[in-house]
Structures are given as C-alpha cells and as structure tokens.
Amino acid sequence: MATTAETLPLPRRYDTGILKWLTTVNHKNIGILYIVTASVFFLVGGIEAMLIRLQLGTPNNTLLSPEAYNQIFTMHGTTMIFLFAMPILVGLGNYVVPLMIGARDMAFPRLNAFSYWLFLWGGLLMYSSFLLGGAPDAGWFAYAPLTGAQFSPSHGMDFWALGIILTGLGSTVGAINFIVTILNMRAPGMTFFKMPLFVWQILVTMFLILFAFPSLTVDTILLFLGRVFGAPFYVASQGGDPLLWQHLFWFFGHPEVYILILPAFGIISEVLPVFSRKPIFGYGAIAFSGIAIGFLGFTVWAHHMFAVGLNPIADAVFSADSMIIAVPTSIKIFNWIATLWGGKLNVKAPLLFAVGFIAMFIIGGLSGVSLAVVPIDFQVEDTYYVVAHLHYVLFGGTVFAIFAGIYYWFPKITGRLLSDKLGKWHFWIMFLGFNLTFFPMHILGLLGMPRRIYTYPSGLGWDTWNLIETVGAFIITASILIFLWNLYVSLRSGETAGNDPWDGQTLEWTTASPPPEYNFAAIPTVSSRRPFWDQKHSGTSQEKPVVPNSVTREETDTAIYMPGGSFYPLIIATGLLLASFGLIYTLWLAVGLGVVVVFAGIAGWVREPR
Amino acid sequence: MRRGNVLSLQMISARKIAWVLALLSMTLAGCAGAPSPLAPVSSNARLISSLTWVVFGIATIVFVVVEGMLIYSTIRFSRKTSDGLPKQVGGNTRLEIAWTLAPAIVLAVVFVISMQTLRTIAFQPSTSPDAGDPSQALHVRVIGHQWWWELDYPDLHIVAADEMHVPTGTVVNVDVESVDVIHSYWVPQLGGKIDAIPGHVNRTWFQATQAGTYYGQCAEFCGVEHANMRLQVIVETPEQFQTWVKGQQAAVPAMTGDAATGEQVFLNGPCVGCHTIDGTKAQGKVGPNLTHFASRSVFAGAVLDNTPQNVAQWLADPQKVKPGNLMPNLHLPQNQIDELVAFLESLK
C-alpha cells in the first residue's frame, strides 16, 4: 500500500461524556463496559439467589409463589451463566489480552463494540420480560416440551429464546475477533509458546464458543419456530422428539462449562507465578492440557442425560470420556501447587483468591468424578448434590478466579490499588460463607432433596441443612458488600499503583496504569515467556530493554493510528433488538423496521472511514 | 527420606479419612426418615449405595492428599518480606509424568468398579431367585402427569395414583412414561431415577428387600408444581399385597346416605370430565382415577394426607392448597362438598 496513516481521512472521535461510551471501539473501554455491565448482572443474579435461599430456609415456606420462584431460579441460572460469568471473563480478556500480546487493539474494533451491544441488549431483553407479563420460568436448560407454547403460554420463553440468540450472536462474533487477534497481532518474537497462559486459555475458550454456540442457537431457533409457528421438532405426538433439545443443548452446554472455567484457569496461571516470584511450573503441560480439555469437552455432553434412558453402552462411553477430562484438569492443579512450591509467596488478596480457587475447585472436581460414575449419577442427578457440585466449580472456581483477576488487574485498569486489607476480609468471609452455603448441599442431595423445588415438607431431615445454607448466603452477601465498599474507597483514594505494582512478568505491566489509548508507544519485542520479568531481573544490560516504556506518543517518530468512534455497532445491535421485540409479539412491521435499521447500519459501517 | 514423608502422609490421611467417613455417616444416619439413596431397601439401591461409599472413600484420600499439599505449600512458602528471588524452577518432566499417570490410574479403577455395578442394575433379571413365585415379575406402568403419578398395573387391571403398592422380594418391572412434559421417576431408597419422556417408554426395575413406606418425588423440573409431585411407595409382604390387589379389583360398592347424594353430585357435575370411576359414566382421563380413592393414604400428588378435612379443603379451592394445579376451583357449595367427601371417602 502506498498510502500512509497520515494520508487517510481521520475518523471522528468522541472523547468525552456519554457519546464516548456509546461510540467507543477501544478494547479497554469495551472491556470496562463488559466488566461493569456483567458486575451489575452479578448483583441482580445474587439478589435472585438470596430470594431462593430465603424461600428454602424453612420448610413449607410461602414467601414466594411457585410461579415467582420458578422465574427467579430460571433467571438466576441464565443470568449467572450468560450475563455475568461469560461476559466478565470476556471483558477481562478484552482488556488484558491485547496488552499481554503487545497489540494496540483487537483485530476488529467495531465488531468488538458490536459484541458488547448485543450482550447488553440480549440481557436487557430477557429482563424486560419481568415488566412485560412474566419472566422465563422453565429453567436455564429450558427442556422441551415444557418450553413449548402448550405448556408455557406466556411470552417468557420467547424473551428467553431471543435473548439467548442475541447474546449468543455477540459471543460468536467476539470469539472470531479474539481468535484473529491472538493469531495475528502478537508482538514480534511472541511465538505460540511464549504467549502468556491467560492468552492460551482465552484462545481455546474462543474456539469452544465458536463451535458450541451454533448448537445452542439452532436449538433455540427450533424452539422459537415451534412456539410461534407450531413447528413440531420437540413434540413427540407429531413425530418430533423432546430429546433432540437435550442433545443440542448439552452439546453446547458442556463446552459452556469449560468456556466458564478455562479463562479462570488462565487467570490463576498468571496470578500464581507473579505472587510466587517464580515462572509457572509446567508451562507446556498447562497450555496443552487446556487444549485437551477443549477437545474432550465436546465428547461428554450426554453425561447430563444419563437418566433419559440411553443404552448402557452409551452410558459407559460418556462416563469414560467424562473421567478422562479429569486427567488434564489434575495436571493443571498439580502444576499450580508446584508453582507455589519453593516460591517466596507474596500473600496478597489475588494470591488468596487464587489458592482459594484451587482448594474449592478440587472439591468440585472430585464431586464431578463421582457424578461421572453412572450408577451414582442415577441417584444424585437433579438433586442438591449437583447444585453443590456446579457451585463448587462455578462459584468456588470461576467466581474466586474472577476476584483474583479483579484484585490483580484493578490497578492496571484504574491506576489505583484495591485495599489489600479489605481484600483479605472479603476473601475469608466469602470463603466461609461459600462453604457454609454450598457444602451442605452435597449432604442434602444424598438425603434425597431434588433441585428446582420451591418448597419441601418438614420431617425429611432437610430442614437444618437448608437453614444453615441460608445463613451462609447472608455471609456471602456481607463479603460482597465489603468488596463494593473496597471498590468505592479505593477508586476515590486508593494507593496509586504505578506501572508495575506486583513485580509483574508480562507486557501489560510495562505500560502506564491505566494504559494510554494506544497501549504501547513502541511495539515491544519479545524473546521469552516472561519478557518484562527477564528485563527487570536478568541483572545485565546486554539486551536492549524489551519495552521502551518511558516513551510517550509525542516522542515517537511514527504516528500511531487508532480507529475512531463509531455509532454503527450500536445501531446494528439496536436494529436486531427491535426485530427481536417484533418477533416476540409477532409484529411484522417492527421486524421489518428492525431489519431496515440493521441494513442501514451495515451500509454506514462499510462506508465509514477507518 | 522422601519415601518416609510419603508414607507418613498416607498414614495421617488414612486416619483422617476414617474420621471424615465416620462423621459423614453419622450425619447421614442421624437424619432418620430422609429418603436417602444411602439408606437402601432394594438390591439395586444397595449396590449403588456401596459403590457411592467406595468412590467417596477414594475421593476422600485424594482430597486429603491434594488439599494437604496445597495448604502445606501455601503456608510453608509464605514470606512477609521480599528477600531476594526464589530458585526459578519452571518444570520437571518426571513429576509431570507421575502426576499424569496417578490420576489416570485412580480414574481407571473407579471406572471399572462403576461399570460392574452398572452392568448389574441396567439389565433386568429374567427371573428372580428370591421371589415367592419366580415367574411372576410385577409389571407397573408409572405415568407422569402435571403434577401427579398415575400407576397402571396392566396385568392386574388396576389403575391407581399417588400411592404405589409392591410386594417384597418380587422383581418389579417399571415402565416410565409421560403424557405431557418430561418428569423423572425417583424413589431414592429403591434405586436410581429414570426420566418420563413423552414419546418414550423407559424401563427400570427393582426388587425391594424391606417392607415400609418410602418417599418418591419427581426429579425433573416439570412446571409450576414440580415441588409437589410426589409419590408414596408402600412395600408390603406378598400376602398384604394380594389383599390390596383384591380390594382394588373389587367393584365400587352401592352408596347410601350422604355418600349416595355425593355420588349423584359427582356423576352429574363437572367431575366426570376429568376423573374416572370404574363402572360408572365417569370416564375422564385428565385427573387421577378415583375408583378406590379411599384406599389411598395420600392424594393430590401424594402431598396431602387423605383425611376428610383435607379432601374438603381441597374441594373448596384446589388452587389455594396447591397453586397452579390443573383442577380449577369449582365454587362448590358447602353441602355439596360434604356430600362429595362422604362419597369419595366411601370409595374403599
């Protein structure tokens, strides 16, 4: 190309106020939008969890009607998976991955914004159902035929279906963006096996999203066609089969579990070495075991379906596959422990959360193996034993890792440190509350208490455990309040972080906190897995610094070209939202209008100067 | 030195495991009356219960060893101050191989023992050596409805609801079906669950070893009243079971007094649209068959005890008792309610 950056027409920028956030295509701003939005959904999902625990605290409780309870547990699961855990991990990835690989932005900045708006609109679409005649109430797993028009006549499931399709579209687009970014935009010298492990786990996660979400999207479209046009895909009396839903759902649903845990593995694999002042133990083993989990994750879906009456051979195969996955997972755990071993541990909040993650994930992993034992699964499937297992993996696992990541990267994102003292209080109280809430659920499952029941009779030996769990839930709430207080205090008057508060090892710590829009004034050159650490600790100056991090934009001799703001991602996403409302109420005019907005947005997008 | 460490660690863990298991079993045993899979009363449930304890034993060993390593390394290597760098170790091939093989071996063991149990419980025995009459396996169709279980004994021409009677020692072959959405048949003390799926007939079996009344509950979310879709299983001696069968096969007796008036209210009211009483014009198929209603100790999805007061309350407003269930409030006057109760409680 003969043209240089200076000769291109400069894009418009909106640097202040609400317009900045509506038009931003910068990966750091979008990362912050993801993290903040997902955190709000976390609080909403948490309030739903508290309502569930209040209702189940005593037998024969009438605090919630069965209808309200079913809506709340459905939205609790849907929110925590689709609107909190996934987006906050994507948000952390959005913020950190380009910095870690020495890039200035994602490969497709406007597509990145588009993913975010689809997530936000999808979430708000689902939540608008509370005001528009009732939320979805058939569980986050939405088993047909209960979700069909005959058994769920309200619009709740329509909101659910279209919300899932919108957020799923956003995730798929985002996955492509991440894959292209990681494959193409790494700094010179950063070969695959010099990539930070967080980037590795995000890469595998994005391939999982890319291959798993189409299955859910198709499943949900078939459901919607059934509800609106009477298509009988899941209706046995018309030649369909309810199990089709389950196979397609879990072909997505089990990889989804790894979509939620692999980035958490990545966070832990970054935090442990930094706070042990060592390299990660077994870099290759952790990277390859992540890939192995990614592949195996697609071969185990029917372990969610042992009770549907598969034949024993299929049961055996899916049981074996599910157990095999425990091997790469164990490898990671041993490598993490070996990373701590022989280190000089800097016991700060991120490390506490990381160690807490490992401790809780071991329990979740062991209960997972017991669930892969088919005869045991026949007994405890769909009981509180499974609720215990999944919360040990997704709360004790993913949420603890997310907090490790937040305490770790907060200074990079905001320029201020979170209070470590409050962080430790937060950890210990949450650790206590978590175990008090979820450990007794193992016992309740073994005492025969099924999931998803809005009430239970007394006299079955369940009362005391349920009460303990409800007390535990209040303790978790207290820990979250401490965290919010920490956020408030630290944002106002927290200790200034500087570029590198933790003696970091990877490239994000070489630049300012918060980083400038363009991340790096000069693109760094990488020659090891711990480029920044080696620069600081090699003790000699034979190599030129990896990163000339004192250079400012003005001092560089070449112009840094950054994309400008754009309204079009928001416009296209809003067109899709409008069309979705039209589909829910079968208002074809609104659908048409939405489609027009989408195409107008696409036309503007392609004509926009880049 | 190293070997010694490992050994002593194992000794500690063995003692700890014994403690944990003892505590756990005390906890579970302390909850008498719980419908626990670990309080089995059938051959299959007993096999699963034993397997569960074995797997928990293995898991406890792994738990103690791995958590012990984690906690030990965290405490042992904590530093208050930053006094120079630790040795920069990034891997060790022998260790990597060891901790890949160790879990693989443990899992292989777990898999093999679990498959042995699966093989026994998955295939129905053609005959039962313990049964009084080996050729006489009992066949029950358990049919899920929103939100109650229908119990059809096709060979005995009995259709009941909410309360399943089976004899001890006999192999019971259960066909699990559904007429609306997916439910899951589960009586924890008698064996694992199996889903009731429209368009499918799922089969399971059990052989009860101990007489008693056992709690069952729908285990797949099936809508508003999923929580109140229960099942009572009465396991009794073969003689008691035969008595029950005879009672169920008997014709409805002639009614007198209030019961006779109630019968007319029933047969001329909306009740017949949904309920069946054999030998009458009431042939509705939506709700439970009421032919021998008074012989059952529970009703309304095995949620309520079958007492005249409870039945009267139910008839006065079913939606108040079990919100969302499919029986509408019929706004019956009090005298009709009393007569209907008299009639229903005479359907022995």
# chains A, B, ... in the order shown; residues from 1 in each chain; ligands from 1
call {"tool": "select_by_dssp", "arguments": {"residues": "range 441-509 of chain A", "states": "alpha helix (DSSP H)", "output": "PyMOL selection string"}}
result
chain A and resi 441-446+463-493
call {"tool": "closest_atom_pairs", "arguments": {"of": "chain B", "to": "chain A", "cutoff": "7 Å", "atoms": "only C-alpha atoms", "output": "CSV"}}
result
residue,atom,partner,partner_atom,distance
B:Cys31,CA,A:Gly461,CA,4.9
B:Ala32,CA,A:Gly461,CA,7.0
B:Gly33,CA,A:Leu460,CA,5.5
B:Ala34,CA,A:Leu460,CA,4.4
B:Pro35,CA,A:Gly448,CA,5.2
B:Ser36,CA,A:Leu447,CA,4.1
B:Pro37,CA,A:Leu446,CA,6.2
B:Leu38,CA,A:Leu446,CA,6.9
B:Ile48,CA,A:Pro375,CA,5.9
B:Thr52,CA,A:Ile376,CA,6.2
B:Val55,CA,A:Ser370,CA,6.7
B:Ala59,CA,A:Leu366,CA,6.1
B:Glu67,CA,A:Ala359,CA,6.3
B:Leu70,CA,A:Ile337,CA,5.7
B:Ser73,CA,A:Trp341,CA,5.4
B:Thr74,CA,A:Leu340,CA,6.6
B:Phe77,CA,A:Lys344,CA,5.6
B:Ser78,CA,A:Leu345,CA,4.5
B:Arg79,CA,A:Leu345,CA,5.4
B:Leu85,CA,A:Arg277,CA,6.7
B:Pro86,CA,A:Gly343,CA,5.5
B:Gln88,CA,A:Lys278,CA,5.3
B:Val89,CA,A:Pro279,CA,6.7
B:Gly90,CA,A:Phe281,CA,4.5
B:Gly91,CA,A:Gly282,CA,4.6
B:Trp99,CA,A:Ile331,CA,6.3
B:Thr100,CA,A:Ile331,CA,6.0
B:Pro103,CA,A:Val327,CA,6.0
B:Ala104,CA,A:Val327,CA,6.0
B:Leu107,CA,A:Met323,CA,6.5
B:Phe111,CA,A:Ala320,CA,6.8
B:Ser114,CA,A:Val373,CA,5.9
B:Thr117,CA,A:Pro375,CA,7.0
B:Leu118,CA,A:Pro375,CA,5.8
B:Ala122,CA,A:Pro312,CA,6.7
B:Val181,CA,A:Leu146,CA,5.4
B:Pro188,CA,A:Gly448,CA,6.4
B:Gly191,CA,A:Gln379,CA,7.0
B:Gly192,CA,A:Phe378,CA,4.4
B:Lys193,CA,A:Phe378,CA,5.3
B:Ile194,CA,A:Ala307,CA,4.7
B:Asp195,CA,A:Val308,CA,5.0
B:Pro198,CA,A:Ala236,CA,5.9
B:Gly199,CA,A:Ala236,CA,5.0
B:Asn202,CA,A:Gly309,CA,5.9
B:Ala219,CA,A:Pro450,CA,5.8
B:Glu220,CA,A:Asp382,CA,6.7
B:Phe221,CA,A:Arg452,CA,6.3
B:Cys222,CA,A:Leu146,CA,6.7
B:Gly223,CA,A:Ala138,CA,6.8
B:Val224,CA,A:Pro66,CA,5.8
B:Glu225,CA,A:Pro66,CA,6.9
B:His226,CA,A:Ile453,CA,6.4
B:Ala227,CA,A:Ile453,CA,4.3
call {"tool": "write_last_selection", "arguments": {"atoms": "N, CA and C atoms", "output": "short mmCIF file (atom, residue, chain, number, x, y, z; two decimals), in the first residue's frame"}}
result
data_model
loop_
_atom_site.label_atom_id
_atom_site.label_comp_id
_atom_site.auth_asym_id
_atom_site.auth_seq_id
_atom_site.Cartn_x
_atom_site.Cartn_y
_atom_site.Cartn_z
N CYS B 31 -30.12 -38.49 60.14
CA CYS B 31 -31.33 -37.96 59.52
C CYS B 31 -32.27 -39.11 59.22
N ALA B 32 -32.71 -39.81 60.25
CA ALA B 32 -33.66 -40.90 60.04
C ALA B 32 -34.91 -40.33 59.38
N GLY B 33 -35.47 -41.07 58.46
CA GLY B 33 -36.67 -40.58 57.80
C GLY B 33 -36.37 -39.89 56.49
N ALA B 34 -35.11 -39.58 56.24
CA ALA B 34 -34.78 -38.96 54.96
C ALA B 34 -34.83 -40.00 53.86
N PRO B 35 -35.35 -39.62 52.70
CA PRO B 35 -35.38 -40.55 51.57
C PRO B 35 -34.01 -40.65 50.94
N SER B 36 -33.06 -41.19 51.65
CA SER B 36 -31.67 -41.12 51.22
C SER B 36 -31.28 -42.32 50.38
N PRO B 37 -30.56 -42.08 49.27
CA PRO B 37 -30.02 -43.20 48.49
C PRO B 37 -29.06 -44.04 49.31
N LEU B 38 -28.58 -43.48 50.42
CA LEU B 38 -27.64 -44.23 51.25
C LEU B 38 -28.36 -45.03 52.34
N ILE B 48 -25.77 -49.49 44.56
CA ILE B 48 -25.34 -48.11 44.29
C ILE B 48 -24.81 -47.46 45.56
N THR B 52 -21.19 -45.90 46.06
CA THR B 52 -21.04 -44.50 46.47
C THR B 52 -20.02 -44.39 47.59
N VAL B 55 -16.48 -44.93 46.22
CA VAL B 55 -15.99 -43.76 45.47
C VAL B 55 -15.70 -42.61 46.43
N ALA B 59 -12.25 -40.66 46.90
CA ALA B 59 -12.23 -39.20 46.76
C ALA B 59 -11.68 -38.55 48.02
N GLU B 67 -5.34 -31.41 48.88
CA GLU B 67 -5.55 -30.19 49.67
C GLU B 67 -4.39 -30.03 50.67
N LEU B 70 -1.55 -28.51 48.89
CA LEU B 70 -1.83 -27.09 48.59
C LEU B 70 -1.64 -26.23 49.84
N SER B 73 2.07 -26.11 50.96
CA SER B 73 2.95 -25.23 50.17
C SER B 73 2.62 -23.77 50.40
N THR B 74 1.34 -23.46 50.58
CA THR B 74 0.97 -22.05 50.77
C THR B 74 1.54 -21.53 52.09
N PHE B 77 5.69 -21.61 52.25
CA PHE B 77 6.49 -20.72 51.40
C PHE B 77 6.03 -19.26 51.47
N SER B 78 5.17 -18.95 52.42
CA SER B 78 4.75 -17.56 52.57
C SER B 78 5.92 -16.72 53.09
N ARG B 79 6.04 -15.50 52.58
CA ARG B 79 7.10 -14.60 53.04
C ARG B 79 6.49 -13.25 53.35
N LEU B 85 15.17 -13.46 45.28
CA LEU B 85 14.30 -14.28 44.46
C LEU B 85 14.45 -15.75 44.83
N PRO B 86 13.36 -16.52 44.73
CA PRO B 86 13.48 -17.97 44.90
C PRO B 86 14.13 -18.57 43.67
N GLN B 88 14.40 -20.22 40.31
CA GLN B 88 13.45 -20.10 39.20
C GLN B 88 13.28 -21.44 38.50
N VAL B 89 12.43 -22.30 39.09
CA VAL B 89 12.20 -23.62 38.51
C VAL B 89 10.94 -23.59 37.65
N GLY B 90 11.05 -24.07 36.43
CA GLY B 90 9.90 -23.98 35.52
C GLY B 90 9.32 -25.31 35.10
N GLY B 91 9.78 -26.42 35.66
CA GLY B 91 9.19 -27.69 35.25
C GLY B 91 10.08 -28.85 35.65
N TRP B 99 2.36 -37.16 37.81
CA TRP B 99 1.02 -36.67 38.15
C TRP B 99 0.06 -36.66 36.97
N THR B 100 0.51 -37.18 35.84
CA THR B 100 -0.45 -37.51 34.78
C THR B 100 -0.93 -38.94 34.99
N PRO B 103 -3.52 -39.76 38.48
CA PRO B 103 -4.98 -39.64 38.36
C PRO B 103 -5.55 -40.61 37.34
N ALA B 104 -4.78 -40.89 36.26
CA ALA B 104 -5.30 -41.80 35.25
C ALA B 104 -5.55 -43.18 35.85
N LEU B 107 -8.57 -43.08 38.21
CA LEU B 107 -9.83 -43.00 37.46
C LEU B 107 -10.14 -44.31 36.77
N PHE B 111 -13.56 -46.28 37.20
CA PHE B 111 -14.39 -46.61 36.04
C PHE B 111 -14.76 -48.09 36.04
N SER B 114 -17.28 -48.98 38.66
CA SER B 114 -18.61 -48.42 38.40
C SER B 114 -19.30 -49.19 37.28
N THR B 117 -21.09 -52.33 38.59
CA THR B 117 -22.40 -52.05 39.18
C THR B 117 -23.42 -51.72 38.09
N LEU B 118 -22.98 -50.91 37.10
CA LEU B 118 -23.91 -50.54 36.04
C LEU B 118 -24.45 -51.77 35.34
N ALA B 122 -28.41 -52.39 35.17
CA ALA B 122 -29.01 -51.96 33.90
C ALA B 122 -29.86 -53.05 33.27
N VAL B 181 -45.17 -33.34 29.87
CA VAL B 181 -43.79 -32.85 29.77
C VAL B 181 -42.87 -33.91 30.37
N PRO B 188 -35.64 -42.77 45.98
CA PRO B 188 -34.21 -42.93 46.26
C PRO B 188 -33.85 -44.25 46.94
N GLY B 191 -33.86 -47.15 44.30
CA GLY B 191 -32.98 -47.18 43.15
C GLY B 191 -32.87 -45.85 42.45
N GLY B 192 -32.09 -45.84 41.38
CA GLY B 192 -31.83 -44.59 40.66
C GLY B 192 -33.04 -44.09 39.91
N LYS B 193 -32.92 -42.84 39.45
CA LYS B 193 -34.05 -42.22 38.76
C LYS B 193 -34.00 -42.53 37.27
N ILE B 194 -35.18 -42.43 36.64
CA ILE B 194 -35.21 -42.52 35.18
C ILE B 194 -36.32 -41.59 34.69
N ASP B 195 -36.03 -40.91 33.59
CA ASP B 195 -36.93 -39.85 33.14
C ASP B 195 -38.17 -40.42 32.46
N PRO B 198 -42.20 -37.83 27.01
CA PRO B 198 -43.26 -38.06 26.03
C PRO B 198 -42.71 -38.76 24.79
N GLY B 199 -43.40 -39.78 24.34
CA GLY B 199 -42.96 -40.49 23.15
C GLY B 199 -41.94 -41.60 23.42
N ASN B 202 -39.41 -45.67 29.07
CA ASN B 202 -38.15 -46.05 29.72
C ASN B 202 -38.41 -47.17 30.72
N ALA B 219 -38.16 -35.84 39.79
CA ALA B 219 -36.82 -35.27 39.87
C ALA B 219 -36.45 -34.44 38.64
N GLU B 220 -37.38 -34.26 37.72
CA GLU B 220 -37.08 -33.37 36.60
C GLU B 220 -38.07 -32.22 36.62
N PHE B 221 -37.53 -31.00 36.54
CA PHE B 221 -38.40 -29.83 36.62
C PHE B 221 -39.51 -29.91 35.57
N CYS B 222 -40.76 -29.82 36.03
CA CYS B 222 -41.87 -30.09 35.13
C CYS B 222 -42.95 -29.02 35.20
N GLY B 223 -42.60 -27.85 35.72
CA GLY B 223 -43.57 -26.77 35.71
C GLY B 223 -43.90 -26.29 37.11
N VAL B 224 -45.00 -25.52 37.19
CA VAL B 224 -45.32 -24.77 38.40
C VAL B 224 -45.25 -25.61 39.67
N GLU B 225 -45.88 -26.79 39.66
CA GLU B 225 -45.99 -27.57 40.89
C GLU B 225 -45.05 -28.75 40.94
N HIS B 226 -43.90 -28.62 40.25
CA HIS B 226 -42.88 -29.68 40.29
C HIS B 226 -42.57 -30.09 41.73
N ALA B 227 -42.52 -29.12 42.62
CA ALA B 227 -42.14 -29.42 44.01
C ALA B 227 -43.15 -30.34 44.68
#
call {"tool": "residues_around", "arguments": {"residues": "range 469-479 of chain A", "least_positions_apart": "2", "cutoff": "8 Å", "atoms": "only C-alpha atoms", "output": "list of chain:residue names"}}
result
A:Met50, A:Arg53, A:Leu54, A:Leu56, A:Gly57, A:Trp425, A:His426, A:Phe427, A:Ile429, A:Met430, A:Leu432, A:Gly433, A:Phe434, A:Asn435, A:Leu436, A:Thr437, A:Phe438, A:Pro440, A:Met441, A:Trp465, A:Asn466, A:Leu467, A:Leu481, A:Ile482, A:Phe483
call {"tool": "write_last_selection", "arguments": {"atoms": "N, CA and C atoms", "output": "PDB file, in the first residue's frame"}}
result
ATOM      1  N   MET A  50     -30.450 -14.828  46.727  1.00  0.00           N
ATOM      2  CA  MET A  50     -30.880 -14.596  48.105  1.00  0.00           C
ATOM      3  C   MET A  50     -32.371 -14.900  48.262  1.00  0.00           C
ATOM      4  N   ARG A  53     -32.691 -18.585  48.515  1.00  0.00           N
ATOM      5  CA  ARG A  53     -32.281 -19.095  49.828  1.00  0.00           C
ATOM      6  C   ARG A  53     -33.286 -18.711  50.914  1.00  0.00           C
ATOM      7  N   LEU A  54     -33.868 -17.514  50.803  1.00  0.00           N
ATOM      8  CA  LEU A  54     -34.882 -17.129  51.797  1.00  0.00           C
ATOM      9  C   LEU A  54     -36.075 -18.059  51.720  1.00  0.00           C
ATOM     10  N   LEU A  56     -36.155 -21.132  50.667  1.00  0.00           N
ATOM     11  CA  LEU A  56     -35.855 -22.509  51.061  1.00  0.00           C
ATOM     12  C   LEU A  56     -35.297 -22.614  52.478  1.00  0.00           C
ATOM     13  N   GLY A  57     -35.165 -21.474  53.168  1.00  0.00           N
ATOM     14  CA  GLY A  57     -34.597 -21.506  54.514  1.00  0.00           C
ATOM     15  C   GLY A  57     -35.416 -22.336  55.481  1.00  0.00           C
ATOM     16  N   TRP A 425     -10.235  -9.479  54.112  1.00  0.00           N
ATOM     17  CA  TRP A 425     -11.525  -9.677  54.793  1.00  0.00           C
ATOM     18  C   TRP A 425     -12.552 -10.245  53.822  1.00  0.00           C
ATOM     19  N   HIS A 426     -12.596  -9.635  52.649  1.00  0.00           N
ATOM     20  CA  HIS A 426     -13.521 -10.096  51.603  1.00  0.00           C
ATOM     21  C   HIS A 426     -13.298 -11.586  51.352  1.00  0.00           C
ATOM     22  N   PHE A 427     -12.016 -11.977  51.177  1.00  0.00           N
ATOM     23  CA  PHE A 427     -11.740 -13.377  50.855  1.00  0.00           C
ATOM     24  C   PHE A 427     -12.213 -14.309  51.967  1.00  0.00           C
ATOM     25  N   ILE A 429     -14.254 -13.980  54.486  1.00  0.00           N
ATOM     26  CA  ILE A 429     -15.693 -14.042  54.767  1.00  0.00           C
ATOM     27  C   ILE A 429     -16.416 -14.755  53.630  1.00  0.00           C
ATOM     28  N   MET A 430     -15.990 -14.495  52.397  1.00  0.00           N
ATOM     29  CA  MET A 430     -16.622 -15.170  51.276  1.00  0.00           C
ATOM     30  C   MET A 430     -16.318 -16.671  51.316  1.00  0.00           C
ATOM     31  N   LEU A 432     -15.752 -18.505  53.937  1.00  0.00           N
ATOM     32  CA  LEU A 432     -16.598 -19.100  54.971  1.00  0.00           C
ATOM     33  C   LEU A 432     -18.044 -19.222  54.484  1.00  0.00           C
ATOM     34  N   GLY A 433     -18.582 -18.113  53.984  1.00  0.00           N
ATOM     35  CA  GLY A 433     -19.982 -18.114  53.542  1.00  0.00           C
ATOM     36  C   GLY A 433     -20.212 -19.096  52.420  1.00  0.00           C
ATOM     37  N   PHE A 434     -19.255 -19.168  51.512  1.00  0.00           N
ATOM     38  CA  PHE A 434     -19.404 -20.075  50.368  1.00  0.00           C
ATOM     39  C   PHE A 434     -19.531 -21.523  50.836  1.00  0.00           C
ATOM     40  N   ASN A 435     -18.606 -21.917  51.723  1.00  0.00           N
ATOM     41  CA  ASN A 435     -18.641 -23.316  52.168  1.00  0.00           C
ATOM     42  C   ASN A 435     -19.862 -23.622  53.029  1.00  0.00           C
ATOM     43  N   LEU A 436     -20.272 -22.639  53.812  1.00  0.00           N
ATOM     44  CA  LEU A 436     -21.460 -22.833  54.642  1.00  0.00           C
ATOM     45  C   LEU A 436     -22.706 -22.976  53.766  1.00  0.00           C
ATOM     46  N   THR A 437     -22.721 -22.248  52.660  1.00  0.00           N
ATOM     47  CA  THR A 437     -23.890 -22.299  51.781  1.00  0.00           C
ATOM     48  C   THR A 437     -23.909 -23.570  50.946  1.00  0.00           C
ATOM     49  N   PHE A 438     -22.762 -23.918  50.392  1.00  0.00           N
ATOM     50  CA  PHE A 438     -22.795 -24.943  49.357  1.00  0.00           C
ATOM     51  C   PHE A 438     -22.346 -26.324  49.827  1.00  0.00           C
ATOM     52  N   PRO A 440     -23.247 -28.047  52.556  1.00  0.00           N
ATOM     53  CA  PRO A 440     -24.378 -28.876  52.982  1.00  0.00           C
ATOM     54  C   PRO A 440     -25.252 -29.361  51.826  1.00  0.00           C
ATOM     55  N   MET A 441     -25.126 -28.713  50.676  1.00  0.00           N
ATOM     56  CA  MET A 441     -25.936 -29.168  49.549  1.00  0.00           C
ATOM     57  C   MET A 441     -25.534 -30.570  49.105  1.00  0.00           C
ATOM     58  N   TRP A 465     -30.149 -28.334  57.432  1.00  0.00           N
ATOM     59  CA  TRP A 465     -29.141 -28.026  56.404  1.00  0.00           C
ATOM     60  C   TRP A 465     -29.581 -26.823  55.585  1.00  0.00           C
ATOM     61  N   ASN A 466     -30.852 -26.783  55.256  1.00  0.00           N
ATOM     62  CA  ASN A 466     -31.330 -25.655  54.459  1.00  0.00           C
ATOM     63  C   ASN A 466     -31.180 -24.338  55.211  1.00  0.00           C
ATOM     64  N   LEU A 467     -31.447 -24.388  56.507  1.00  0.00           N
ATOM     65  CA  LEU A 467     -31.316 -23.161  57.304  1.00  0.00           C
ATOM     66  C   LEU A 467     -29.853 -22.710  57.338  1.00  0.00           C
ATOM     67  N   LEU A 481     -20.610  -7.028  50.046  1.00  0.00           N
ATOM     68  CA  LEU A 481     -20.721  -5.624  50.478  1.00  0.00           C
ATOM     69  C   LEU A 481     -19.333  -5.073  50.826  1.00  0.00           C
ATOM     70  N   ILE A 482     -18.509  -5.897  51.465  1.00  0.00           N
ATOM     71  CA  ILE A 482     -17.142  -5.450  51.768  1.00  0.00           C
ATOM     72  C   ILE A 482     -16.401  -5.129  50.466  1.00  0.00           C
ATOM     73  N   PHE A 483     -16.591  -5.987  49.468  1.00  0.00           N
ATOM     74  CA  PHE A 483     -15.915  -5.750  48.189  1.00  0.00           C
ATOM     75  C   PHE A 483     -16.394  -4.433  47.559  1.00  0.00           C
TER      76      PHE A 483
END
call {"tool": "atom_distance", "arguments": {"atom1": "CA of Pro531 in chain A", "atom2": "CA of Pro350 in chain A"}}
result
21.4 Å
call {"tool": "residues_around", "arguments": {"residues": "Phe178 in chain A", "least_positions_apart": "5", "cutoff": "8 Å", "atoms": "only C-alpha atoms", "output": "JSON, numbers by chain"}}
result
{"A": [106, 107, 203, 206]}
call {"tool": "atom_distance", "arguments": {"atom1": "CA of Gln246 in chain A", "atom2": "CA of Gln124 in chain B"}}
result
26.5 Å
call {"tool": "select_by_dssp", "arguments": {"residues": "range 257-337 of chain B", "states": "strand (DSSP E or B)", "output": "ChimeraX atom specification"}}
result
/B:276,283,298-299,304-305
call {"tool": "closest_residue", "arguments": {"among": "B:Val106, B:Ala98, B:Ile75, B:Asp305", "to": "Ile61 in chain B", "atoms": "only C-alpha atoms"}}
result
B:Val106
